[in-house]
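Everything on this sheet refers to the single structure shown next.
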Amino acid sequence: WVQQVWFPHVFWVEARDLNPKACRCLMAVLERRGPCAARALLTLDLRNTKLQGCADSVVAILRACSSLQSLNLGRTRLKDEGAQALAYGLCADDPETGRPRPHPSLKFLSLEECGLTKVSGPAIATAALAVPCLEELLLGRNELGDETAIALASSMTPRGFGFGGASLTRLDLSENQLMGEGLAALAGALGRHGYLQSLDVGGNEKIGGILATVSEVTHQVMEGLNSACALRDLHLWRCGLYDESA
């Protein structure tokens, strides 16, 4: 029945919990070109859909739908290979100039619980923060580690310089095996970035132990947080923080 939908006038697609066969069918329809193309699409929600073998289709849709503002791929088990393909789609090279051309409209990206590790994390971090309109980046419940946190921090451009997460207001890295170095890098980036309002690093249980034993890291974190003029919400739940480490 999905092939009978007139997608050129569809703004929002919620296709959660699809099995692989249904997912492939939907991808084939959304990838259509010409008068049947889904050129008006603003929101694509594929949460908990089985995306095995469909990562390239998602990338093709992302590049074709320049108006897309929200992409939810949470719990799709995208894994590192799919995430690396997505990173390319977020910031593919322009075929005419050869220069990176970030997606022009994306504001919300969720890759929660997708089986991602430090193998794909830095690439996703760099590509996502190159997207000029991105406001919310949700990466919780993966295994991205300090490497990804450091890549995110390095990509956060000082305000007024454009790109580099210039619009980013919410970042979720909860339950990602972060330790002190990753938190210190993120905290240090907050002040120079100047726009991030919500940072969730909860569920990274080794942070407290590092802060309790490595005074240099604790100082870096505190110094960074003190300079975070825009930060309104800082989530540190289940981080192993006690009186001696807080």
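Going through the structure tokens in order, the chains are called A, B, and so on, while each chain numbers its residues from 1 and the ligands are numbered from 1 in the order shown.
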ask   = Which neighbours of Ala125 of chain A fall inside 6 Å, counting only C-alpha atoms, when residues of the same chain fewer than 3 positions from it are skipped, and could you give them as a PyMOL selection string?
value = chain A and resi 122+128+152
Just want the 8 Å neighbourhood of Thr169 of chain A, counted on only C-alpha atoms, with same-chain residues fewer than 2 positions away dropped. Output as an mmCIF file with all heavy atoms, in the first residue's frame.
```cif
data_model
loop_
_atom_site.group_PDB
_atom_site.id
_atom_site.type_symbol
_atom_site.label_atom_id
_atom_site.label_comp_id
_atom_site.auth_asym_id
_atom_site.auth_seq_id
_atom_site.Cartn_x
_atom_site.Cartn_y
_atom_site.Cartn_z
ATOM 1 N N GLU A 135 20.572 21.370 15.873
ATOM 2 C CA GLU A 135 20.321 21.876 17.220
ATOM 3 C C GLU A 135 20.401 20.777 18.277
ATOM 4 O O GLU A 135 20.803 21.046 19.414
ATOM 5 C CB GLU A 135 18.942 22.535 17.277
ATOM 6 C CG GLU A 135 18.806 23.758 16.373
ATOM 7 C CD GLU A 135 17.405 24.317 16.365
ATOM 8 O OE1 GLU A 135 16.506 23.711 17.002
ATOM 9 O OE2 GLU A 135 17.196 25.361 15.720
ATOM 10 N N GLU A 136 19.993 19.554 17.922
ATOM 11 C CA GLU A 136 19.965 18.460 18.892
ATOM 12 C C GLU A 136 20.654 17.229 18.314
ATOM 13 O O GLU A 136 20.305 16.769 17.226
ATOM 14 C CB GLU A 136 18.523 18.108 19.267
ATOM 15 C CG GLU A 136 17.769 19.248 19.928
ATOM 16 C CD GLU A 136 16.360 18.849 20.335
ATOM 17 O OE1 GLU A 136 16.224 17.964 21.212
ATOM 18 O OE2 GLU A 136 15.408 19.395 19.756
ATOM 19 N N SER A 167 24.813 25.916 15.837
ATOM 20 C CA SER A 167 23.422 25.969 16.290
ATOM 21 C C SER A 167 23.117 24.967 17.395
ATOM 22 O O SER A 167 21.994 24.917 17.897
ATOM 23 C CB SER A 167 22.481 25.715 15.104
ATOM 24 O OG SER A 167 22.659 26.671 14.085
ATOM 25 N N LEU A 171 23.088 18.178 23.581
ATOM 26 C CA LEU A 171 23.978 17.064 23.272
ATOM 27 C C LEU A 171 23.806 15.971 24.325
ATOM 28 O O LEU A 171 23.932 16.232 25.521
ATOM 29 C CB LEU A 171 25.435 17.543 23.244
ATOM 30 C CG LEU A 171 26.513 16.478 23.034
ATOM 31 C CD1 LEU A 171 26.324 15.765 21.694
ATOM 32 C CD2 LEU A 171 27.903 17.103 23.118
ATOM 33 N N TYR A 195 26.813 28.225 22.977
ATOM 34 C CA TYR A 195 25.402 28.051 22.658
ATOM 35 C C TYR A 195 24.765 26.834 23.319
ATOM 36 O O TYR A 195 23.550 26.788 23.481
ATOM 37 C CB TYR A 195 25.209 27.927 21.143
ATOM 38 C CG TYR A 195 25.411 29.220 20.399
ATOM 39 C CD1 TYR A 195 26.593 29.461 19.695
ATOM 40 C CD2 TYR A 195 24.447 30.217 20.408
ATOM 41 C CE1 TYR A 195 26.793 30.648 19.017
ATOM 42 C CE2 TYR A 195 24.631 31.407 19.727
ATOM 43 C CZ TYR A 195 25.807 31.621 19.027
ATOM 44 O OH TYR A 195 26.007 32.791 18.357
ATOM 45 N N LEU A 196 25.558 25.827 23.670
ATOM 46 C CA LEU A 196 24.999 24.590 24.207
ATOM 47 C C LEU A 196 24.266 24.848 25.519
ATOM 48 O O LEU A 196 24.825 25.401 26.453
ATOM 49 C CB LEU A 196 26.108 23.557 24.437
ATOM 50 C CG LEU A 196 25.618 22.116 24.591
ATOM 51 C CD1 LEU A 196 25.105 21.585 23.252
ATOM 52 C CD2 LEU A 196 26.722 21.215 25.111
ATOM 53 N N GLN A 197 22.999 24.418 25.567
ATOM 54 C CA GLN A 197 22.164 24.647 26.746
ATOM 55 C C GLN A 197 21.946 23.387 27.572
ATOM 56 O O GLN A 197 21.673 23.473 28.768
ATOM 57 C CB GLN A 197 20.802 25.201 26.311
ATOM 58 C CG GLN A 197 20.879 26.548 25.612
ATOM 59 C CD GLN A 197 19.532 27.026 25.136
ATOM 60 O OE1 GLN A 197 18.477 26.516 25.548
ATOM 61 N NE2 GLN A 197 19.521 28.021 24.263
ATOM 62 N N SER A 198 22.065 22.207 26.949
ATOM 63 C CA SER A 198 21.809 20.964 27.661
ATOM 64 C C SER A 198 22.863 19.923 27.301
ATOM 65 O O SER A 198 23.072 19.636 26.120
ATOM 66 C CB SER A 198 20.412 20.425 27.307
ATOM 67 O OG SER A 198 20.178 19.176 27.929
#
```
Ala37 of chain A environment, 10 Å, only C-alpha atoms, sequence neighbours closer than 6 positions dropped, as number ranges by chain = A: 6-10, 29-31, 61, 64-65
key: Distance query segment 18-22 of chain A at most 6 Å, only C-alpha atoms, self and fewer than 2 positions along chain excluded, as a ChimeraX atom specification   = /A:16,24-25,49-50
query = Got a sec: who's within 6 Å of Asn72 of chain A, counting only C-alpha atoms, leaving out chain neighbours fewer than 4 positions off, as a ChimeraX atom specification?
reply = /A:45-47,109-110
task = For Met156 of chain A, work out the shell of residues within 8 Å, counting only C-alpha atoms and skipping chain neighbours fewer than 3 positions away, then give it as an NGL selection string.
result = :A and (129 or 152-153 or 164-166 or 189 or 193)
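Atom pair atom CA of Gly145 of chain A / atom CA of Gly89 of chain A: separated by 22.9 Å.
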message = Using DSSP assignments from the backbone, pull out every residue in chain A that falls under strand (DSSP E or B) and give it to me as an MDAnalysis selection string.
response = chainID A and resid 12:14 43:45 70:72 91:93 100:102 108:110 117 136:138 143 170:172 198:200 233:235
Keeping only N, CA, C and O atoms, write the selected residues as a short mmCIF file (atom, residue, chain, number, x, y, z; two decimals), in the first residue's frame.
```cif
data_model
loop_
_atom_site.label_atom_id
_atom_site.label_comp_id
_atom_site.auth_asym_id
_atom_site.auth_seq_id
_atom_site.Cartn_x
_atom_site.Cartn_y
_atom_site.Cartn_z
N TRP A 12 5.81 14.40 6.86
CA TRP A 12 6.22 13.65 8.06
C TRP A 12 5.98 12.16 7.84
O TRP A 12 4.88 11.76 7.47
N VAL A 13 7.02 11.34 8.05
CA VAL A 13 6.89 9.89 7.95
C VAL A 13 7.35 9.28 9.26
O VAL A 13 8.51 9.44 9.67
N GLU A 14 6.44 8.59 9.94
CA GLU A 14 6.79 7.83 11.15
C GLU A 14 6.67 6.35 10.80
O GLU A 14 5.57 5.86 10.54
N THR A 43 10.31 15.40 8.33
CA THR A 43 10.60 14.51 9.46
C THR A 43 10.56 13.05 9.01
O THR A 43 9.60 12.62 8.37
N LEU A 44 11.61 12.30 9.36
CA LEU A 44 11.67 10.87 9.09
C LEU A 44 12.02 10.16 10.39
O LEU A 44 13.13 10.31 10.91
N ASP A 45 11.07 9.39 10.92
CA ASP A 45 11.24 8.70 12.20
C ASP A 45 11.26 7.20 11.95
O ASP A 45 10.22 6.60 11.65
N SER A 70 14.38 16.63 10.65
CA SER A 70 14.46 15.71 11.78
C SER A 70 14.64 14.28 11.29
O SER A 70 13.86 13.80 10.45
N LEU A 71 15.69 13.61 11.81
CA LEU A 71 15.98 12.23 11.44
C LEU A 71 16.22 11.42 12.70
O LEU A 71 17.19 11.64 13.43
N ASN A 72 15.31 10.49 12.98
CA ASN A 72 15.41 9.65 14.17
C ASN A 72 15.74 8.23 13.76
O ASN A 72 14.92 7.52 13.20
N CYS A 91 27.67 15.08 5.26
CA CYS A 91 28.61 16.10 4.77
C CYS A 91 29.34 15.58 3.53
O CYS A 91 30.57 15.52 3.49
N ALA A 92 28.57 15.22 2.50
CA ALA A 92 29.14 14.66 1.29
C ALA A 92 29.84 15.74 0.46
O ALA A 92 29.53 16.92 0.56
N ASP A 93 30.76 15.30 -0.37
CA ASP A 93 31.45 16.24 -1.26
C ASP A 93 30.52 16.68 -2.39
O ASP A 93 29.77 15.87 -2.95
N PRO A 100 33.29 19.72 0.71
CA PRO A 100 32.21 19.18 1.55
C PRO A 100 30.97 20.08 1.50
O PRO A 100 31.08 21.30 1.55
N ARG A 101 29.81 19.44 1.38
CA ARG A 101 28.55 20.17 1.33
C ARG A 101 27.64 19.63 2.43
O ARG A 101 26.90 18.68 2.23
N PRO A 102 27.66 20.23 3.62
CA PRO A 102 26.83 19.74 4.73
C PRO A 102 25.35 19.84 4.39
O PRO A 102 24.93 20.69 3.60
N PHE A 108 17.59 18.02 13.93
CA PHE A 108 17.51 16.98 14.97
C PHE A 108 18.03 15.67 14.41
O PHE A 108 17.60 15.22 13.34
N LEU A 109 18.98 15.04 15.13
CA LEU A 109 19.52 13.74 14.73
C LEU A 109 19.65 12.86 15.96
O LEU A 109 20.32 13.21 16.93
N SER A 110 18.98 11.71 15.93
CA SER A 110 19.07 10.74 17.02
C SER A 110 19.69 9.45 16.51
O SER A 110 19.20 8.84 15.55
N THR A 117 30.50 2.55 18.21
CA THR A 117 31.71 2.53 19.04
C THR A 117 32.63 3.66 18.60
O THR A 117 32.30 4.46 17.72
N GLU A 136 19.99 19.55 17.92
CA GLU A 136 19.96 18.46 18.89
C GLU A 136 20.65 17.23 18.31
O GLU A 136 20.31 16.77 17.23
N LEU A 137 21.63 16.70 19.07
CA LEU A 137 22.37 15.51 18.67
C LEU A 137 22.30 14.51 19.82
O LEU A 137 22.87 14.74 20.89
N LEU A 138 21.58 13.40 19.60
CA LEU A 138 21.36 12.41 20.65
C LEU A 138 22.13 11.14 20.31
O LEU A 138 21.82 10.46 19.33
N GLU A 143 28.68 3.00 22.69
CA GLU A 143 29.98 2.76 23.32
C GLU A 143 31.02 3.66 22.64
O GLU A 143 32.07 3.20 22.19
N ARG A 170 21.63 21.08 22.31
CA ARG A 170 21.44 19.89 23.15
C ARG A 170 22.33 18.76 22.66
O ARG A 170 22.32 18.42 21.47
N LEU A 171 23.09 18.18 23.58
CA LEU A 171 23.98 17.06 23.27
C LEU A 171 23.81 15.97 24.33
O LEU A 171 23.93 16.23 25.52
N ASP A 172 23.51 14.76 23.87
CA ASP A 172 23.31 13.62 24.78
C ASP A 172 24.37 12.56 24.49
O ASP A 172 24.39 11.96 23.42
N SER A 198 22.06 22.21 26.95
CA SER A 198 21.81 20.96 27.66
C SER A 198 22.86 19.92 27.30
O SER A 198 23.07 19.64 26.12
N LEU A 199 23.52 19.40 28.33
CA LEU A 199 24.54 18.35 28.14
C LEU A 199 24.22 17.19 29.08
O LEU A 199 24.14 17.37 30.29
N ASP A 200 24.02 16.01 28.50
CA ASP A 200 23.73 14.80 29.29
C ASP A 200 24.89 13.83 29.15
O ASP A 200 25.13 13.28 28.07
N ASP A 233 21.20 22.97 31.59
CA ASP A 233 20.95 21.62 32.12
C ASP A 233 22.21 20.77 31.96
O ASP A 233 22.68 20.57 30.83
N LEU A 234 22.72 20.27 33.08
CA LEU A 234 23.86 19.36 33.08
C LEU A 234 23.45 18.09 33.81
O LEU A 234 23.14 18.12 35.00
N HIS A 235 23.42 16.97 33.09
CA HIS A 235 22.96 15.70 33.66
C HIS A 235 24.17 14.81 33.95
O HIS A 235 24.92 14.44 33.05
#
```
request  = Give the alpha helix (DSSP H) residues of segment 35-74 of chain A, as DSSP finds them on the backbone, and put them as an MDAnalysis selection string.
outcome  = chainID A and resid 55:64
inquiry  = Please list as a list in words every residue within 10 Å of Leu241 of chain A, counting only C-alpha atoms and excluding residues in the same chain fewer than 4 positions away.
reply    =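 Neighbouring residues, sequence-local ones excluded: Glu205, Lys206, Ile207, Gly208, Gly209, Ile210, Leu211, Ala212, Leu236, Trp237, Ser245 and Ala246 of chain A.
Nearest-residue note for His219 of chain A: choosing from A:Val201, A:Leu231, A:Ala184, A:Ala60, the minimum distance belongs to A:Ala184, counting only C-alpha atoms.
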request  = Go through A:Ala123, A:Met179, A:Cys114, A:Leu41 one by one, measure the shortest atom-to-atom distance of each to Gly140 of chain A using only C-alpha atoms, and give the residue with the smallest value.
outcome  =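 Of A:Ala123, A:Met179, A:Cys114, A:Leu41, the one nearest Gly140 of chain A, counting only C-alpha atoms, is A:Cys114.
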